[in-house]
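Step one of this worksheet: look at the structure below.
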Amino acid sequence: MIRGFIFFAALLAFVAVQAQELKPFVRGSQQVIVASHQDKPFILALWSLDCTHCIDDMALLGKLSKKYRNLDLVLVSTDSPEQTQQIARTLQHYRLSHADSWVFADGYVERLRFEVDPQWYGELPRTYFFDASGHSTAISGKIDRKEIEHWIQSSLKQG
Amino acid sequence: MNITTLLSTLVLLLCSPAILAHEEHEHGAMKASPEKMWSDSMAKEQTMAMSVTFDAKGRLWRTSVKDHHVLVDYSEDSGKTFSSPVQVNSQPEPVGADGDSRPKIAVGKHGEVYVTWSMLLDKPYTGDVRFSSSLDGGKTFSTPFTVNDNHDVIAHRFDAMAVSTDGKIYIAWVDKRDLATAKKNGEKYGGSAVYYAVSGNNGASFEANLKLADHSCDCCRIALVAPPEGAPVAFWRHVYDGNIRDHVMSILDGKNELRRVSHDDWKIDACPHHGPSLAIASDNVYHFAWFDNAPKSHGLFYTQTRDKGQTFSAQMHFGDDAHQAGHPDVLSLGREVFLAWKEFDGEATSVRIMHSRDGGVSWSLPRNAAVTHDASDHPQLASYNGKVWLSWNAKQEGYRLIALGDAP
């Protein structure tokens with residue numbers, strides 16, 4: 001009985017970790033993400049399953065987060081919670097399961113987009129480089145490996 | 001926590017999709033590419049994507065998507081009530097109805113109803129262009145067939161349809177067959193291609209696919225409009241050298257001449273999912289509206305050509321950039337021209353309207369035509385007998401057809 005309990009408890013803990021993989025990105029989530037990164041530089045990458053260029057970014061981010069263990073990565077899928085299985089599979093495929101991952105969980109996407117950035121029109125991929133003071137630089141389109149490595153190296157030094 | 005609670009919690013957790021996904025990986029499917037189930041995943045059961053058109057008698061035809069079926073219904077009282085929807089495809093299939101993807105509807109001179117859509121295939125971003133017609137006034141629809149004659153599992157998507165005044169049906173779409181060939185040969189190929197097909201027999205069949213242009217953007221709708229005479233005009237986001245995504249027009253007359261419409265120099269390796277709009281009335285003036293997000297020209301733009309693309313008017317910016325002005329539609333009655341687009345002010349989404357009484361030379365101030373506080377479809381303008389309506393589907397308010405005729 002006790003052995004069974006431990007087994008289930010362990011499984012539950014494991015399952016709970018897995019279940020946290022995708023957090024619902026709702027109204028206010030952007031502020032939560034930014035607030036939880038006070039004094040910490042991080043990359044916020046918005047992507048979707050229906051975006052060919054995003055997949056290239058995912059592959060690159062997967063490689064970079066292996067190379068730079070301290071890289072603080074927040075991934076936000078603009079798909080919907082019904083696509084969780086597909087999103088999780090994609091993240092796993094590109095070895096990004098460990099990243100802080102979110103999924104748009106409000107059908108009113110205009111409002112979510114506006115909260116991320118009023119200047120973002122939903123084009124993907126969209127990537128924000130937040131410095132330690134909370135200021136961000138935005139890039140629409142595929143990220144450049146050299147530029148992103150330069151950013152990581154300089155921001156990790158400061159961090 | 002006792003064992004029963006624990007077990008029930010566990011069962012609940014195990015039923016969550018993330019866990020199911022994990023289960024599959026645990027059982028050896030981890031190396032499976034992420035593409036499996038893409039079509040199911042993208043073909044959402046509930047979608048607000050719709051298209052409308054008026055027929056010659058003033059009946060408003062509407063197409064929408066539900067549970068893997070394309071539906072068609074109509075209204076004889078300007079959108080107040082609709083007929084019972086008829087299923088176009090009796091066999092369910094995943095229908096693209098997201099972003100710039102949606103089914104399209106057109107009506108021929110003698111009341112033939114034509115419908116196109118993109119059927120999503122199993123690999124990501126792939127699809128086939130589908131067509132069905134009704135020759136009995138929308139009571140029954142023909143068995144859908146695939147219009148693209150390349151049957152590789154690649155993208156043939158973002159179909160657009162126009163019926164010319166001589167009754168021919170033109171369908172244009174974004175096609176990746178040349179990209180696939182280039183890849184096989186180890187060559188580079190920017191973007192996709194635009195292909196089209198023509199039917200001269202009321203949609204019983206289509207002639208061989210024709211290529212209109214290499215290097216279109218991958219995931220933006222094409223605008224395709226029939227002028228008063230001759231072949232339709234296509235307008236789309238193109239990929240120029242250096243990944244510059246600007247807009248281009250071409251007449252589907254077999255000459256494949258491209259004329260660059262915008263010079264915004266938006267250099268981007270991304271999917272804007274934000275295609276343009278085109279309107280042509282009996283005066284044969286082409287009116288263009290589009291979105292760009294280039295550093296030097298940002299937002300919505302309008303221009304026109306009075307000589308089939310030889311020369312263009314100075315491009316006009318419209319909409320409020322601070323409110324995410326986007327997804328424009330343009331409609332021309334000749335002297336009267338309308339622009340509609342979406343804006344979001346942080347709390348509410350509105351469809352804004354601007355109106356010209358001198359053929360697009362001068363414009364009214366923008367005004368709100370409709371507002372919603374939740375998700376909504378792109379706005380579409382439609383006209384019949386000199387009157388103009390905004391067609392807009394919103395989650396909270398449902399479908400609305402709003403008369404714009406008496407705008408100041």
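Naming works like this for the structure tokens: A, B, ... for the chains as they're shown, residue 1 at the start of each chain, ligands 1 onward in shown order.
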
Determine, for each residue of chain A having at least one atom at most 6 Å from an atom of chain B, the closest pair of atoms and their separation in Å to one decimal, counting only C-alpha atoms; order by chain and ascending number, as a tab-separated table.
residue	atom	partner	partner_atom	distance
A:His53	CA	B:Ala270	CA	5.9
A:Gln83	CA	B:Ser41	CA	5.9
A:Thr84	CA	B:Ala18	CA	5.9
A:Gln85	CA	B:Ala21	CA	5.1
A:Arg89	CA	B:Pro34	CA	5.8
A:Thr90	CA	B:Pro34	CA	5.0
A:Gly107	CA	B:Ala375	CA	5.7
A:Tyr108	CA	B:Ala375	CA	4.3
A:Glu123	CA	B:Pro272	CA	4.2
A:Leu124	CA	B:Cys271	CA	5.4
A:Pro125	CA	B:Ala270	CA	6.0
A:Gly141	CA	B:Ala270	CA	4.2
A:Lys142	CA	B:Asp269	CA	5.3

Show which residues sit within 7 Å of A:Leu44, as a tab-separated table (two decimals) with C-alpha atoms, in the first residue's frame. Count only C-alpha atoms, and ignore same-chain residues fewer than 5 positions away.
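Listed below is the output, out.tsv:
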chain	number	residue	atom	x	y	z
A	73	LEU	CA	13.57	31.67	-22.46
A	74	VAL	CA	9.83	32.33	-22.45
A	75	LEU	CA	7.92	30.76	-25.32
A	127	THR	CA	10.81	37.91	-30.57
A	128	TYR	CA	11.49	40.33	-27.71
A	129	PHE	CA	14.89	40.72	-26.11

Excluding B:Lys168 and any residue of its chain fewer than 4 positions from it, enumerate the residues within 9 Å of it, using only C-alpha atoms, and give them as a CSV table (one decimal) with C-alpha atoms, in the first residue's frame.
chain,number,residue,atom,x,y,z
B,108,GLY,CA,-22.5,33.1,-61.7
B,162,ALA,CA,-13.5,35.3,-59.3
B,163,VAL,CA,-16.1,34.8,-62.1
B,164,SER,CA,-15.4,36.9,-65.2
B,198,VAL,CA,-9.8,28.3,-65.3
B,199,SER,CA,-13.1,26.6,-65.8
B,200,GLY,CA,-15.2,27.4,-68.9
B,201,ASN,CA,-17.9,24.9,-68.2
B,202,ASN,CA,-19.6,26.2,-65.0
B,203,GLY,CA,-17.1,24.3,-62.8
B,231,ALA,CA,-9.6,38.2,-67.2

Item to check | Interatomic distance, atom CA of B:Ala155 to atom CA of B:Lys255 (Å, one decimal) | outcome: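 Atom-to-atom, atom CA of B:Ala155 and atom CA of B:Lys255 are spaced 24.4 Å apart.
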
Next on the checklist: When you count only C-alpha atoms, which of these residues is closest to B:Ala197: B:Lys66, B:Lys183, B:Arg259, B:Arg130?
Outcome noted: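 Between B:Lys66, B:Lys183, B:Arg259, B:Arg130, the residue approaching B:Ala197 most closely is B:Arg130.
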
Checklist entry - With only C-alpha atoms as the basis for distance, which of A:Val34, A:Gln119, A:Glu147, A:Leu22 is at the shortest distance from B:Asp320? => result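 Smallest distance to B:Asp320 is found for A:Gln119.
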
Checklist entry - Using only C-alpha atoms, which residues sit within 7 Å of B:Ala294 once same-chain residues fewer than 3 positions away are excluded, as a VMD selection string? => result chain B and resid 264 to 266 297 to 298

Generate a file of the selected residues that holds C-alpha atoms, formatted as a PDB file, in the first residue's frame.
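Okay, out.pdb is ready:
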ATOM      1  CA  ASP B 264       7.289  49.854 -48.567  1.00  0.00           C
ATOM      2  CA  ASP B 265      10.383  47.608 -48.495  1.00  0.00           C
ATOM      3  CA  TRP B 266       9.158  45.443 -45.658  1.00  0.00           C
ATOM      4  CA  SER B 297       5.857  52.796 -44.002  1.00  0.00           C
ATOM      5  CA  HIS B 298       3.845  51.251 -41.299  1.00  0.00           C
TER       6      HIS B 298
END

Checklist entry - Could you pull the residues within 8 Å of B:Trp117, counting only C-alpha atoms, minus those fewer than 6 positions along the same chain, as a ChimeraX atom specification? => result /B:95-96,102-104,129-131,158-159

Mind writing the picked residues with N, CA and C atoms as a compact mmCIF listing (two decimals), in the first residue's frame?
# COMPACT_ATOMS: atom_id res chain seq x y z
N VAL B 95 -10.92 21.71 -43.02
CA VAL B 95 -11.05 22.90 -43.85
C VAL B 95 -10.25 24.05 -43.23
N GLY B 96 -9.41 24.68 -44.02
CA GLY B 96 -8.63 25.82 -43.55
C GLY B 96 -9.54 27.01 -43.27
N ARG B 102 -10.08 30.94 -45.51
CA ARG B 102 -11.53 30.83 -45.31
C ARG B 102 -12.13 30.30 -46.60
N PRO B 103 -13.31 29.72 -46.54
CA PRO B 103 -13.97 29.32 -47.78
C PRO B 103 -14.43 30.57 -48.54
N LYS B 104 -14.53 30.46 -49.86
CA LYS B 104 -14.94 31.59 -50.69
C LYS B 104 -16.19 31.19 -51.46
N VAL B 129 -6.47 22.70 -52.95
CA VAL B 129 -7.55 23.63 -53.25
C VAL B 129 -8.77 22.83 -53.73
N ARG B 130 -9.89 23.04 -53.07
CA ARG B 130 -11.10 22.26 -53.36
C ARG B 130 -12.17 23.15 -53.97
N PHE B 131 -13.01 22.50 -54.78
CA PHE B 131 -14.06 23.24 -55.49
C PHE B 131 -15.34 22.42 -55.51
N PHE B 158 -4.71 29.10 -49.64
CA PHE B 158 -5.08 30.50 -49.80
C PHE B 158 -5.69 30.76 -51.18
N ASP B 159 -6.67 29.90 -51.48
CA ASP B 159 -7.42 30.01 -52.72
C ASP B 159 -8.22 31.31 -52.76

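Counting only C-alpha atoms, the residue from A:Gly122, A:Glu115, A:Thr137, A:Ala132 that sits nearest to A:Val32 is A:Glu115.
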
Next on the checklist: Counting only C-alpha atoms, which residue out of A:His98, A:Lys157, A:His135, A:Arg145 sits closest to A:Gln38?
Outcome noted: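 Among the listed residues, A:His135 lies closest to A:Gln38.
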
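When atom CA of B:Asp246 is paired with atom CA of B:Gly191, their separation reads 12.3 Å.
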